[in-house]
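Here is target16.txt, consisting of compact mmCIF, C-alpha atoms:
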```
# COMPACT_ATOMS: atom_id res chain seq x y z
CA MET A 1 -44.53 31.31 -21.45
CA SER A 2 -41.47 32.69 -19.78
CA ASN A 3 -37.98 31.58 -20.48
CA HIS A 4 -34.65 32.18 -18.88
CA GLU A 5 -33.70 34.24 -21.87
CA ASP A 6 -35.84 37.06 -20.50
CA THR A 7 -33.61 37.39 -17.50
CA ALA A 8 -29.89 37.74 -17.11
CA VAL A 9 -28.57 34.40 -18.28
CA HIS A 10 -25.18 34.28 -19.85
CA VAL A 11 -24.55 32.10 -22.86
CA ALA A 12 -20.86 31.35 -23.18
CA SER A 13 -19.50 31.61 -26.70
CA VAL A 14 -17.86 28.59 -28.30
CA LYS A 15 -14.71 30.63 -28.73
CA LEU A 16 -14.50 31.29 -25.01
CA LEU A 17 -15.16 27.64 -24.13
CA VAL A 18 -12.40 26.49 -26.47
CA ILE A 19 -9.93 29.11 -25.23
CA VAL A 20 -10.51 27.96 -21.64
CA TRP A 21 -10.07 24.36 -22.79
CA ILE A 22 -6.72 25.21 -24.40
CA ALA A 23 -5.64 27.00 -21.21
CA LEU A 24 -6.59 23.94 -19.14
CA ILE A 25 -4.68 21.56 -21.40
CA PHE A 26 -1.69 23.90 -21.29
CA GLY A 27 -1.99 24.00 -17.50
CA THR A 28 -1.91 20.20 -17.36
CA TRP A 29 1.19 20.11 -19.53
CA LEU A 30 2.77 22.76 -17.32
CA THR A 31 1.98 20.83 -14.12
CA VAL A 32 3.52 17.64 -15.48
CA SER A 33 6.58 19.49 -16.81
CA ALA A 34 7.09 21.31 -13.54
CA THR A 35 7.62 17.98 -11.77
CA TYR A 36 10.76 17.40 -13.83
CA VAL A 37 12.30 20.62 -12.54
CA ASP A 38 13.67 20.16 -9.05
CA LEU A 39 12.66 23.09 -6.92
CA GLY A 40 12.88 21.21 -3.65
CA ALA A 41 10.07 21.93 -1.23
CA PHE A 42 8.83 24.60 -3.61
CA ASN A 43 7.61 22.03 -6.17
CA ILE A 44 4.38 21.26 -4.40
CA TRP A 45 3.50 24.96 -4.17
CA VAL A 46 4.12 25.51 -7.87
CA GLY A 47 1.92 22.50 -8.60
CA LEU A 48 -0.82 23.71 -6.27
CA ALA A 49 -0.68 27.20 -7.79
CA ILE A 50 -1.13 25.84 -11.33
CA ALA A 51 -3.90 23.45 -10.21
CA THR A 52 -5.68 26.31 -8.46
CA ALA A 53 -5.39 28.51 -11.54
CA LYS A 54 -7.02 25.68 -13.53
CA ALA A 55 -9.74 25.28 -10.91
CA VAL A 56 -10.45 29.03 -11.01
CA LEU A 57 -10.76 28.91 -14.81
CA VAL A 58 -13.24 26.03 -14.58
CA ALA A 59 -15.26 27.78 -11.86
CA LEU A 60 -15.33 31.21 -13.51
CA TYR A 61 -16.05 30.22 -17.10
CA TYR A 62 -17.32 26.63 -17.33
CA MET A 63 -19.37 27.00 -14.16
CA HIS A 64 -20.44 30.53 -15.11
CA LEU A 65 -19.48 32.00 -11.75
CA ARG A 66 -18.16 35.07 -13.49
CA TRP A 67 -21.68 36.01 -14.62
CA ASP A 68 -23.49 34.40 -11.74
CA LYS A 69 -24.90 36.01 -8.63
CA PRO A 70 -21.94 36.70 -6.33
CA PHE A 71 -23.68 34.85 -3.52
CA ASN A 72 -23.31 31.53 -5.37
CA GLY A 73 -19.59 32.11 -5.66
CA PHE A 74 -19.46 33.05 -2.02
CA VAL A 75 -21.13 29.76 -1.03
CA PHE A 76 -18.63 27.79 -3.08
CA LEU A 77 -15.66 29.78 -1.84
CA GLY A 78 -16.97 29.28 1.69
CA ALA A 79 -16.43 25.53 1.32
CA PHE A 80 -12.76 26.15 0.56
CA ILE A 81 -12.40 28.57 3.46
CA PHE A 82 -13.79 25.96 5.83
CA LEU A 83 -11.58 23.31 4.27
CA ALA A 84 -8.56 25.55 4.90
CA ILE A 85 -9.62 25.92 8.52
CA PHE A 86 -10.06 22.14 8.77
CA ILE A 87 -6.62 21.40 7.32
CA GLY A 88 -5.00 24.23 9.27
CA ILE A 89 -6.27 23.09 12.65
CA ALA A 90 -5.59 19.42 11.86
CA MET A 91 -2.00 20.37 11.05
CA MET A 92 -1.61 22.38 14.25
CA ASP A 93 -2.91 19.38 16.17
CA THR A 94 -0.66 16.82 14.56
CA GLN A 95 2.39 19.08 14.88
CA ALA A 96 1.64 19.62 18.55
CA TYR A 97 2.15 15.99 19.51
CA GLN A 98 4.99 15.14 17.12
CA PRO A 99 7.65 15.46 19.87
CA ASP A 100 5.83 12.86 21.98
CA LEU A 101 5.74 10.14 19.32
CA ILE A 102 7.71 6.95 19.81
CA PRO A 103 9.68 6.32 16.59
CA GLY A 104 8.58 3.21 14.75
CA TYR A 105 5.57 2.64 16.96
CA SER A 106 2.44 3.00 14.87
CA PRO A 107 -0.40 0.75 15.99
CA GLY A 108 -3.53 0.57 13.92
CA MET A 109 -1.79 1.39 10.68
CA GLY A 110 -2.94 -1.84 9.10
CA GLY A 111 0.60 -3.09 8.61
CA MET B 1 -33.31 20.51 -8.50
CA THR B 2 -36.75 21.98 -8.40
CA ALA B 3 -39.72 20.14 -9.70
CA HIS B 4 -40.70 20.90 -13.21
CA GLY B 5 -43.40 19.47 -15.36
CA HIS B 6 -42.00 17.58 -18.24
CA GLY B 7 -45.41 16.57 -19.39
CA ASP B 8 -46.60 19.95 -20.56
CA GLY B 9 -45.80 21.18 -24.01
CA ASP B 10 -43.87 24.24 -22.96
CA GLY B 11 -41.51 22.16 -20.89
CA LEU B 12 -41.38 24.65 -18.07
CA ARG B 13 -43.77 24.82 -15.18
CA ILE B 14 -43.36 27.32 -12.40
CA ASP B 15 -44.06 25.74 -9.05
CA HIS B 16 -46.60 27.55 -6.92
CA HIS B 17 -44.05 28.61 -4.31
CA PHE B 18 -42.03 30.54 -6.85
CA GLU B 19 -42.66 34.08 -7.97
CA ASN B 20 -41.49 33.50 -11.54
CA ALA B 21 -39.26 31.36 -13.72
CA ASP B 22 -36.16 33.33 -12.85
CA GLN B 23 -36.66 32.91 -9.13
CA GLN B 24 -37.22 29.20 -9.65
CA TYR B 25 -34.04 28.94 -11.69
CA GLN B 26 -31.98 30.95 -9.22
CA SER B 27 -33.25 28.85 -6.33
CA ALA B 28 -32.30 25.64 -8.11
CA LYS B 29 -28.89 27.09 -8.76
CA LEU B 30 -28.30 28.19 -5.19
CA GLY B 31 -29.33 24.75 -4.00
CA MET B 32 -26.87 23.21 -6.42
CA TRP B 33 -24.03 25.44 -5.23
CA VAL B 34 -24.76 24.51 -1.62
CA PHE B 35 -24.65 20.85 -2.65
CA LEU B 36 -21.33 21.41 -4.44
CA ALA B 37 -19.96 23.10 -1.32
CA THR B 38 -20.84 19.96 0.67
CA GLU B 39 -19.11 17.89 -2.02
CA ILE B 40 -15.93 19.90 -1.54
CA LEU B 41 -16.14 19.32 2.20
CA PHE B 42 -16.90 15.62 1.60
CA PHE B 43 -13.66 15.23 -0.32
CA GLY B 44 -12.10 17.75 2.04
CA GLY B 45 -11.96 15.17 4.82
CA LEU B 46 -9.84 12.94 2.61
CA PHE B 47 -7.65 15.84 1.50
CA THR B 48 -7.09 16.66 5.17
CA ALA B 49 -6.10 13.07 5.91
CA TYR B 50 -3.79 13.21 2.92
CA THR B 51 -2.13 16.41 4.16
CA VAL B 52 -1.62 15.13 7.70
CA PHE B 53 -0.09 11.84 6.51
CA ARG B 54 2.04 13.46 3.86
CA VAL B 55 3.50 16.13 6.14
CA ASN B 56 4.30 13.57 8.83
CA HIS B 57 5.50 10.78 6.54
CA PRO B 58 6.64 12.21 3.20
CA GLU B 59 8.75 9.10 2.52
CA ILE B 60 5.62 6.94 2.18
CA PHE B 61 4.29 9.19 -0.57
CA ILE B 62 7.59 9.49 -2.37
CA PHE B 63 7.86 5.69 -2.34
CA GLY B 64 4.25 5.01 -3.26
CA HIS B 65 3.89 7.42 -6.15
CA HIS B 66 6.50 5.49 -8.14
CA PHE B 67 3.88 2.81 -8.61
CA LEU B 68 1.44 5.19 -10.25
CA ASP B 69 1.63 5.79 -13.98
CA LYS B 70 2.07 9.52 -14.61
CA GLY B 71 1.18 9.06 -18.27
CA LEU B 72 -2.16 7.40 -17.52
CA GLY B 73 -2.89 10.02 -14.87
CA ALA B 74 -2.19 12.82 -17.34
CA LEU B 75 -4.30 11.06 -19.97
CA ASN B 76 -7.22 10.93 -17.55
CA THR B 77 -6.74 14.60 -16.71
CA VAL B 78 -6.94 15.48 -20.39
CA ILE B 79 -10.01 13.24 -20.81
CA LEU B 80 -11.79 14.99 -17.95
CA ILE B 81 -10.88 18.45 -19.24
CA CYS B 82 -12.33 17.49 -22.63
CA SER B 83 -15.48 16.23 -20.91
CA SER B 84 -15.75 19.54 -19.08
CA LEU B 85 -15.61 21.37 -22.39
CA THR B 86 -18.38 19.21 -23.85
CA ALA B 87 -20.46 19.57 -20.66
CA ALA B 88 -20.17 23.38 -20.80
CA TRP B 89 -20.99 23.23 -24.50
CA ALA B 90 -24.06 21.11 -23.71
CA VAL B 91 -25.33 23.89 -21.43
CA ARG B 92 -24.81 26.42 -24.20
CA ALA B 93 -26.67 24.18 -26.66
CA ALA B 94 -29.56 23.77 -24.23
CA GLN B 95 -29.69 27.54 -23.67
CA LEU B 96 -29.88 28.10 -27.43
CA LYS B 97 -32.36 25.22 -27.94
CA GLN B 98 -29.90 23.39 -30.19
CA ILE B 99 -31.26 19.98 -29.30
CA ARG B 100 -29.15 17.99 -31.77
CA MET B 101 -26.01 19.70 -30.51
CA LEU B 102 -27.13 19.11 -26.94
CA LYS B 103 -27.53 15.38 -27.56
CA LEU B 104 -24.16 15.20 -29.28
CA MET B 105 -22.42 16.98 -26.40
CA LEU B 106 -24.13 14.80 -23.80
CA VAL B 107 -23.07 11.64 -25.63
CA LEU B 108 -19.51 12.94 -25.99
CA THR B 109 -19.33 13.84 -22.30
CA MET B 110 -20.55 10.37 -21.43
CA LEU B 111 -18.00 8.73 -23.71
CA PHE B 112 -15.23 10.73 -22.04
CA ALA B 113 -16.55 9.63 -18.65
CA PHE B 114 -16.44 5.98 -19.74
CA GLY B 115 -12.96 6.54 -21.14
CA PHE B 116 -11.86 7.90 -17.79
CA LEU B 117 -13.21 4.84 -15.99
CA GLY B 118 -11.56 2.56 -18.55
CA VAL B 119 -8.14 4.07 -17.92
CA LYS B 120 -8.80 3.92 -14.18
CA GLY B 121 -9.71 0.24 -14.59
CA VAL B 122 -6.38 -0.44 -16.28
CA GLU B 123 -4.59 1.27 -13.41
CA TYR B 124 -6.56 -0.52 -10.68
CA ASN B 125 -5.94 -3.84 -12.43
CA SER B 126 -2.20 -3.29 -12.42
CA LYS B 127 -2.26 -2.40 -8.71
CA TRP B 128 -4.34 -5.49 -8.03
CA LYS B 129 -1.93 -7.78 -9.90
CA HIS B 130 1.00 -6.48 -7.90
CA GLY B 131 -0.79 -6.63 -4.57
CA LEU B 132 -0.50 -2.87 -4.16
CA LEU B 133 -3.73 -2.50 -2.27
CA TRP B 134 -5.05 -0.76 0.80
CA ALA B 135 -4.17 -1.40 4.45
CA ARG B 136 -3.99 -5.13 5.23
CA GLN B 137 -4.61 -6.05 1.62
CA TYR B 138 -1.23 -4.51 0.77
CA LYS B 139 0.83 -7.57 -0.18
CA PRO B 140 3.34 -6.47 -2.78
CA HIS B 141 5.11 -9.25 -4.62
CA VAL B 142 7.52 -7.18 -6.59
CA ASP B 143 10.56 -8.70 -4.88
CA HIS B 144 10.47 -12.40 -5.73
CA GLU B 145 11.74 -11.88 -9.26
CA GLN B 146 13.78 -15.06 -9.02
CA ALA B 147 10.76 -17.20 -8.32
CA THR B 148 8.87 -15.50 -11.10
CA GLU B 149 11.74 -16.05 -13.53
CA VAL B 150 11.99 -19.77 -12.77
CA GLN B 151 8.26 -20.14 -13.13
CA SER B 152 8.21 -18.25 -16.40
CA VAL B 153 10.96 -20.46 -17.86
CA GLU B 154 9.04 -23.61 -16.97
CA VAL B 155 5.89 -22.17 -18.36
CA SER B 156 7.52 -21.07 -21.55
CA ILE B 157 8.96 -24.57 -22.16
CA ALA B 158 5.62 -26.20 -21.53
CA GLY B 159 3.96 -23.40 -23.37
CA ALA B 160 6.10 -23.87 -26.46
CA GLU B 161 4.68 -27.35 -26.90
CA VAL B 162 1.17 -26.25 -26.16
CA GLY B 163 1.61 -23.22 -28.34
CA ALA B 164 2.84 -25.39 -31.21
CA GLU B 165 -0.19 -27.59 -30.76
CA VAL B 166 -2.48 -24.65 -30.90
CA ILE B 167 -0.89 -23.39 -34.07
CA GLU B 168 -1.09 -26.86 -35.60
CA HIS B 169 -4.73 -27.24 -34.84
CA ASP B 170 -5.70 -23.66 -35.40
CA SER B 171 -4.53 -22.42 -38.72
CA ALA B 172 -4.90 -18.91 -37.37
CA GLY B 173 -2.15 -19.42 -34.78
CA ASP B 174 -3.31 -16.45 -32.79
CA THR B 175 -0.72 -15.33 -30.30
CA VAL B 176 -3.32 -14.36 -27.76
CA THR B 177 -4.64 -17.91 -27.71
CA VAL B 178 -1.12 -19.25 -27.29
CA GLU B 179 -0.42 -16.98 -24.37
CA SER B 180 -3.58 -17.92 -22.57
CA GLU B 181 -2.69 -21.58 -22.97
CA VAL B 182 0.77 -20.94 -21.57
CA ILE B 183 -0.61 -19.64 -18.35
CA LEU B 184 -2.87 -22.57 -17.75
CA VAL B 185 -0.53 -25.49 -18.53
CA GLY B 186 2.62 -26.12 -16.52
CA GLU B 187 5.14 -28.96 -16.37
CA GLY B 188 3.71 -32.41 -16.90
CA GLY B 189 0.43 -30.91 -17.94
CA ALA B 190 -0.33 -29.93 -14.35
CA PRO B 191 -2.29 -26.72 -14.11
CA VAL B 192 -0.26 -23.78 -12.95
CA PRO B 193 -2.08 -21.63 -10.43
CA VAL B 194 -3.62 -18.62 -12.04
CA PRO B 195 -1.61 -15.53 -11.10
CA GLY B 196 -3.35 -13.59 -8.42
CA GLU B 197 -4.02 -14.73 -4.90
CA ALA B 198 -1.55 -17.62 -4.99
CA ASP B 199 1.02 -15.52 -6.74
CA ARG B 200 1.21 -13.03 -3.92
CA SER B 201 4.23 -12.79 -1.70
CA LYS B 202 4.01 -14.55 1.62
CA ILE B 203 6.64 -12.21 3.03
CA ALA B 204 5.16 -9.73 5.43
CA PRO B 205 5.44 -6.05 4.62
CA ALA B 206 8.26 -4.10 6.15
CA ALA B 207 6.06 -2.97 8.97
CA GLU B 208 5.89 -6.55 10.27
CA GLY B 209 9.20 -8.10 9.38
CA PRO B 210 12.72 -6.82 9.92
CA ALA B 211 13.83 -7.81 6.45
CA GLY B 212 11.15 -5.88 4.72
CA LEU B 213 10.50 -5.82 1.05
CA ALA B 214 13.00 -4.29 -1.28
CA ALA B 215 11.21 -2.55 -4.07
CA PRO B 216 14.01 -1.99 -6.63
CA GLY B 217 13.62 -4.24 -9.62
CA SER B 218 9.93 -3.64 -9.90
CA GLU B 219 8.84 -3.42 -13.48
CA GLU B 220 6.81 -0.37 -12.67
CA ALA B 221 9.62 1.59 -11.08
CA ASP B 222 10.76 4.27 -13.47
CA ASP B 223 13.80 5.37 -11.52
CA SER B 224 15.76 4.26 -8.52
CA PHE B 225 14.16 4.65 -5.15
CA GLU B 226 15.09 3.44 -1.76
CA VAL B 227 13.92 0.55 0.32
CA GLU B 228 10.23 0.49 1.13
CA PRO B 229 9.47 2.65 4.14
CA ALA B 230 7.35 1.44 7.04
CA ASN B 231 3.60 1.62 6.49
CA ALA B 232 3.84 2.05 2.74
CA GLN B 233 0.31 0.65 2.55
CA THR B 234 -0.95 4.00 3.84
CA PHE B 235 -0.26 5.55 0.47
CA PHE B 236 -2.38 2.94 -1.28
CA SER B 237 -5.19 3.25 1.28
CA ILE B 238 -5.33 6.98 0.56
CA TYR B 239 -4.95 6.42 -3.17
CA PHE B 240 -7.84 3.96 -3.37
CA LEU B 241 -10.09 5.96 -1.05
CA MET B 242 -9.64 9.21 -2.92
CA THR B 243 -9.71 7.88 -6.47
CA GLY B 244 -12.45 5.41 -5.51
CA LEU B 245 -14.73 8.09 -4.13
CA HIS B 246 -13.97 10.18 -7.20
CA GLY B 247 -14.72 7.19 -9.44
CA ILE B 248 -18.11 6.75 -7.77
CA HIS B 249 -18.80 10.39 -8.58
CA VAL B 250 -17.90 9.74 -12.21
CA LEU B 251 -20.40 6.86 -12.23
CA GLY B 252 -23.02 9.19 -10.76
CA GLY B 253 -22.21 11.68 -13.51
CA ILE B 254 -22.76 9.04 -16.18
CA ALA B 255 -26.16 8.23 -14.66
CA ALA B 256 -27.04 11.93 -14.70
CA PHE B 257 -26.02 12.27 -18.35
CA ILE B 258 -28.19 9.27 -19.28
CA TRP B 259 -31.06 11.00 -17.46
CA LEU B 260 -30.45 14.18 -19.48
CA LEU B 261 -30.30 12.24 -22.74
CA ILE B 262 -33.64 10.61 -21.99
CA GLY B 263 -35.02 14.09 -21.27
CA ALA B 264 -33.57 15.47 -24.48
CA ARG B 265 -35.15 12.63 -26.49
CA ARG B 266 -38.48 13.30 -24.81
CA GLY B 267 -38.27 16.97 -25.77
CA ASP B 268 -37.88 18.37 -22.26
CA PHE B 269 -35.38 20.97 -23.42
CA ASP B 270 -37.13 22.01 -26.61
CA SER B 271 -38.49 25.15 -24.97
CA GLY B 272 -35.13 26.34 -23.75
CA HIS B 273 -35.64 25.03 -20.25
CA PHE B 274 -32.03 24.25 -19.49
CA THR B 275 -31.91 24.22 -15.66
CA ARG B 276 -31.41 20.48 -15.47
CA VAL B 277 -28.55 20.48 -17.97
CA ASP B 278 -26.95 23.41 -16.16
CA MET B 279 -27.09 21.68 -12.76
CA VAL B 280 -25.64 18.38 -14.01
CA ALA B 281 -22.87 20.28 -15.79
CA LEU B 282 -22.04 22.15 -12.57
CA TYR B 283 -21.73 18.82 -10.79
CA TRP B 284 -19.56 17.44 -13.57
CA HIS B 285 -17.21 20.43 -13.41
CA VAL B 286 -16.68 19.80 -9.70
CA VAL B 287 -15.78 16.17 -10.49
CA ASP B 288 -13.20 17.54 -12.96
CA LEU B 289 -12.00 20.12 -10.46
CA ILE B 290 -11.36 17.51 -7.78
CA TRP B 291 -9.46 15.32 -10.24
CA ILE B 292 -7.15 18.23 -11.10
CA TYR B 293 -5.99 18.17 -7.47
CA LEU B 294 -5.97 14.36 -7.17
CA PHE B 295 -3.71 14.11 -10.20
CA LEU B 296 -1.28 16.61 -8.75
CA LEU B 297 -1.27 15.21 -5.21
CA LEU B 298 -1.16 11.49 -5.99
CA TYR B 299 0.73 11.17 -9.28
CA LEU B 300 3.04 14.16 -9.35
CA ILE B 301 4.80 13.86 -6.03
CA ASP B 302 8.50 14.63 -6.26
```

What is this file in structure tokens?
Amino acid sequence: MSNHEDTAVHVASVKLLVIVWIALIFGTWLTVSATYVDLGAFNIWVGLAIATAKAVLVALYYMHLRWDKPFNGFVFLGAFIFLAIFIGIAMMDTQAYQPDLIPGYSPGMGG
Amino acid sequence: MTAHGHGDGDGLRIDHHFENADQQYQSAKLGMWVFLATEILFFGGLFTAYTVFRVNHPEIFIFGHHFLDKGLGALNTVILICSSLTAAWAVRAAQLKQIRMLKLMLVLTMLFAFGFLGVKGVEYNSKWKHGLLWARQYKPHVDHEQATEVQSVEVSIAGAEVGAEVIEHDSAGDTVTVESEVILVGEGGAPVPVPGEADRSKIAPAAEGPAGLAAPGSEEADDSFEVEPANAQTFFSIYFLMTGLHGIHVLGGIAAFIWLLIGARRGDFDSGHFTRVDMVALYWHVVDLIWIYLFLLLYLID
């Protein structure tokens, strides 16, 4: 009988899991607190940075990407790269026709 | 997930197209990561819609987010983070063949998932009561405070009598009973329409009428904000689509955890065959990951 234990499988220690949990809770507190500080347009970027730091913690430790084959991480990261391309091009598109919009005219908005 | 025999005593069968157990495990994992990538892109469409609308019409989001409860959103974030911890712990327990611990962690994760849906239910209910729904269903009635006040006075007068009756007849005099009576009995004993459909404002949203709906005075508003912008319903369409799709994923997660619990009871993981637990946990972490962004983008605007 062969088990995964024979091969390179990482077992995360309870200590590590709890430390990551504390970091995630702290991150949540930080995100909420940051909204009470007015940084203008910068607020959303601070929020996104904290959220991304939390997401990276979850992916690296809870999802074992840190010890996983790099290809798995590459596949996952690839989704975000394509999402960035999607959002980037959608933004370029919508910005391109902003000057042509008629103010207040928005058919099909379900109003 | 690759096929595996749960009938055999060892719990792990290597399918004929795999070289060995490790290759089978790694293949399952790669398949799972590809699936998770498609999940990100699935939600990605909605995140893209969100970005386009928010950049073009920030006022809609600033207006709309006042109707979301930051506290409940934060509570749900904490609940999901806790469930992620227990899910990761479940994988560890399965790896170490700690079956009792595995069952405990699976049950805890499931309880957190139900807790999340419970809080979400409270939030959806409050949106429903105030007509803060998607697209054409968006019929806020936060502005006719006067009408509501008059109605509540009438009801409370009628209700006082009814309430007294209830207390007389029921020695318990439960306040909950009294309140439910108040809603149902109006002046002259005529039934008052149950709040809901009939209670909704007949005034068209700002997009249709020049007068528009003034939002100040809403019980949910935590600070002052301006008059409702045009197409405010867009915020609620996006809110319900994104949290709704996420909620369906939470339901799917609960189903998966039940499946794992059945497997754990049957002894599927006794031999240290933890692939299934690992894959479900990966899925669950992505559900958590998406919520981290939803919380930030929907609740913490401004």

Near chain A, which residues of chain B fall within 7 Å when you count all atoms listed in the file, and what do they look like as a PyMOL selection string? chain B and resi 21-22+30+33-34+37+40-41+44+48+52+78+81+85+88+92+95+135-136+205+207-208+231+272-273+282+285+289+292-293+296+300+302

For the point (-13.9, 14.6, -19.8) in the file's frame, write as a ChimeraX atom specification all residues with an atom no more than 7 Å away, counting only C-alpha atoms. /B:79-84,109,112-113

Atomic separation - atom CA of Gly267 of chain B relative to atom CA of Ile99 of chain B, Å: 8.4 Å

Atom CA of Gln26 of chain B and atom CA of Ile85 of chain A, how far apart in Å? 29.0 Å

For segment 237-241 of chain B, please output as a PyMOL selection string all residues within 12 Å (counting only C-alpha atoms; exclusion window: fewer than 4 positions along the same chain). (chain A and resi 109-111) or (chain B and resi 43+45-54+60-61+64-65+67-68+120-121+123-124+127-128+132-138+231-233+245-248+294-295+297-299)

Selection file, C-alpha atoms, as a PDB file, in the coordinates of the input:
```
ATOM      1  CA  MET A 109      -1.790   1.390  10.680  1.00  0.00           C
ATOM      2  CA  GLY A 110      -2.940  -1.840   9.100  1.00  0.00           C
ATOM      3  CA  GLY A 111       0.600  -3.090   8.610  1.00  0.00           C
TER       4      GLY A 111
ATOM      5  CA  PHE B  43     -13.660  15.230  -0.320  1.00  0.00           C
ATOM      6  CA  GLY B  45     -11.960  15.170   4.820  1.00  0.00           C
ATOM      7  CA  LEU B  46      -9.840  12.940   2.610  1.00  0.00           C
ATOM      8  CA  PHE B  47      -7.650  15.840   1.500  1.00  0.00           C
ATOM      9  CA  THR B  48      -7.090  16.660   5.170  1.00  0.00           C
ATOM     10  CA  ALA B  49      -6.100  13.070   5.910  1.00  0.00           C
ATOM     11  CA  TYR B  50      -3.790  13.210   2.920  1.00  0.00           C
ATOM     12  CA  THR B  51      -2.130  16.410   4.160  1.00  0.00           C
ATOM     13  CA  VAL B  52      -1.620  15.130   7.700  1.00  0.00           C
ATOM     14  CA  PHE B  53      -0.090  11.840   6.510  1.00  0.00           C
ATOM     15  CA  ARG B  54       2.040  13.460   3.860  1.00  0.00           C
ATOM     16  CA  ILE B  60       5.620   6.940   2.180  1.00  0.00           C
ATOM     17  CA  PHE B  61       4.290   9.190  -0.570  1.00  0.00           C
ATOM     18  CA  GLY B  64       4.250   5.010  -3.260  1.00  0.00           C
ATOM     19  CA  HIS B  65       3.890   7.420  -6.150  1.00  0.00           C
ATOM     20  CA  PHE B  67       3.880   2.810  -8.610  1.00  0.00           C
ATOM     21  CA  LEU B  68       1.440   5.190 -10.250  1.00  0.00           C
ATOM     22  CA  LYS B 120      -8.800   3.920 -14.180  1.00  0.00           C
ATOM     23  CA  GLY B 121      -9.710   0.240 -14.590  1.00  0.00           C
ATOM     24  CA  GLU B 123      -4.590   1.270 -13.410  1.00  0.00           C
ATOM     25  CA  TYR B 124      -6.560  -0.520 -10.680  1.00  0.00           C
ATOM     26  CA  LYS B 127      -2.260  -2.400  -8.710  1.00  0.00           C
ATOM     27  CA  TRP B 128      -4.340  -5.490  -8.030  1.00  0.00           C
ATOM     28  CA  LEU B 132      -0.500  -2.870  -4.160  1.00  0.00           C
ATOM     29  CA  LEU B 133      -3.730  -2.500  -2.270  1.00  0.00           C
ATOM     30  CA  TRP B 134      -5.050  -0.760   0.800  1.00  0.00           C
ATOM     31  CA  ALA B 135      -4.170  -1.400   4.450  1.00  0.00           C
ATOM     32  CA  ARG B 136      -3.990  -5.130   5.230  1.00  0.00           C
ATOM     33  CA  GLN B 137      -4.610  -6.050   1.620  1.00  0.00           C
ATOM     34  CA  TYR B 138      -1.230  -4.510   0.770  1.00  0.00           C
ATOM     35  CA  ASN B 231       3.600   1.620   6.490  1.00  0.00           C
ATOM     36  CA  ALA B 232       3.840   2.050   2.740  1.00  0.00           C
ATOM     37  CA  GLN B 233       0.310   0.650   2.550  1.00  0.00           C
ATOM     38  CA  LEU B 245     -14.730   8.090  -4.130  1.00  0.00           C
ATOM     39  CA  HIS B 246     -13.970  10.180  -7.200  1.00  0.00           C
ATOM     40  CA  GLY B 247     -14.720   7.190  -9.440  1.00  0.00           C
ATOM     41  CA  ILE B 248     -18.110   6.750  -7.770  1.00  0.00           C
ATOM     42  CA  LEU B 294      -5.970  14.360  -7.170  1.00  0.00           C
ATOM     43  CA  PHE B 295      -3.710  14.110 -10.200  1.00  0.00           C
ATOM     44  CA  LEU B 297      -1.270  15.210  -5.210  1.00  0.00           C
ATOM     45  CA  LEU B 298      -1.160  11.490  -5.990  1.00  0.00           C
ATOM     46  CA  TYR B 299       0.730  11.170  -9.280  1.00  0.00           C
TER      47      TYR B 299
END
```

What does the distance between atom CA of Leu117 of chain B and atom CA of Ala87 of chain B come to in Å, to one decimal place? 17.1 Å

Among the residues B:Val122, B:Ala230, B:Leu111, B:Ala74, the one that comes closest to Gly253 of chain B [using all atoms listed in the file]: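 Ranked by minimum distance to Gly253 of chain B, first place goes to B:Leu111.
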
Can you pull out the residues contacting Val91 of chain B? Cut-off 6 Å, using only C-alpha atoms, and skip same-chain residues under 2 positions away; I want them as a ChimeraX atom specification. /B:88-89,93-94,277-278

Using all atoms listed in the file, give me every residue within 12 Å of (-33.1, 14.7, -22.7) in file coordinates, as a short mmCIF file (atom, residue, chain, number, x, y, z; two decimals) with C-alpha atoms, in the frame of the given file.
```cif
data_model
loop_
_atom_site.label_atom_id
_atom_site.label_comp_id
_atom_site.auth_asym_id
_atom_site.auth_seq_id
_atom_site.Cartn_x
_atom_site.Cartn_y
_atom_site.Cartn_z
CA HIS B 6 -42.00 17.58 -18.24
CA GLY B 11 -41.51 22.16 -20.89
CA ALA B 90 -24.06 21.11 -23.71
CA ALA B 94 -29.56 23.77 -24.23
CA LYS B 97 -32.36 25.22 -27.94
CA GLN B 98 -29.90 23.39 -30.19
CA ILE B 99 -31.26 19.98 -29.30
CA ARG B 100 -29.15 17.99 -31.77
CA MET B 101 -26.01 19.70 -30.51
CA LEU B 102 -27.13 19.11 -26.94
CA LYS B 103 -27.53 15.38 -27.56
CA LEU B 104 -24.16 15.20 -29.28
CA MET B 105 -22.42 16.98 -26.40
CA LEU B 106 -24.13 14.80 -23.80
CA VAL B 107 -23.07 11.64 -25.63
CA ALA B 256 -27.04 11.93 -14.70
CA PHE B 257 -26.02 12.27 -18.35
CA ILE B 258 -28.19 9.27 -19.28
CA TRP B 259 -31.06 11.00 -17.46
CA LEU B 260 -30.45 14.18 -19.48
CA LEU B 261 -30.30 12.24 -22.74
CA ILE B 262 -33.64 10.61 -21.99
CA GLY B 263 -35.02 14.09 -21.27
CA ALA B 264 -33.57 15.47 -24.48
CA ARG B 265 -35.15 12.63 -26.49
CA ARG B 266 -38.48 13.30 -24.81
CA GLY B 267 -38.27 16.97 -25.77
CA ASP B 268 -37.88 18.37 -22.26
CA PHE B 269 -35.38 20.97 -23.42
CA ASP B 270 -37.13 22.01 -26.61
CA SER B 271 -38.49 25.15 -24.97
CA GLY B 272 -35.13 26.34 -23.75
CA HIS B 273 -35.64 25.03 -20.25
CA PHE B 274 -32.03 24.25 -19.49
CA THR B 275 -31.91 24.22 -15.66
CA ARG B 276 -31.41 20.48 -15.47
CA VAL B 277 -28.55 20.48 -17.97
#
```
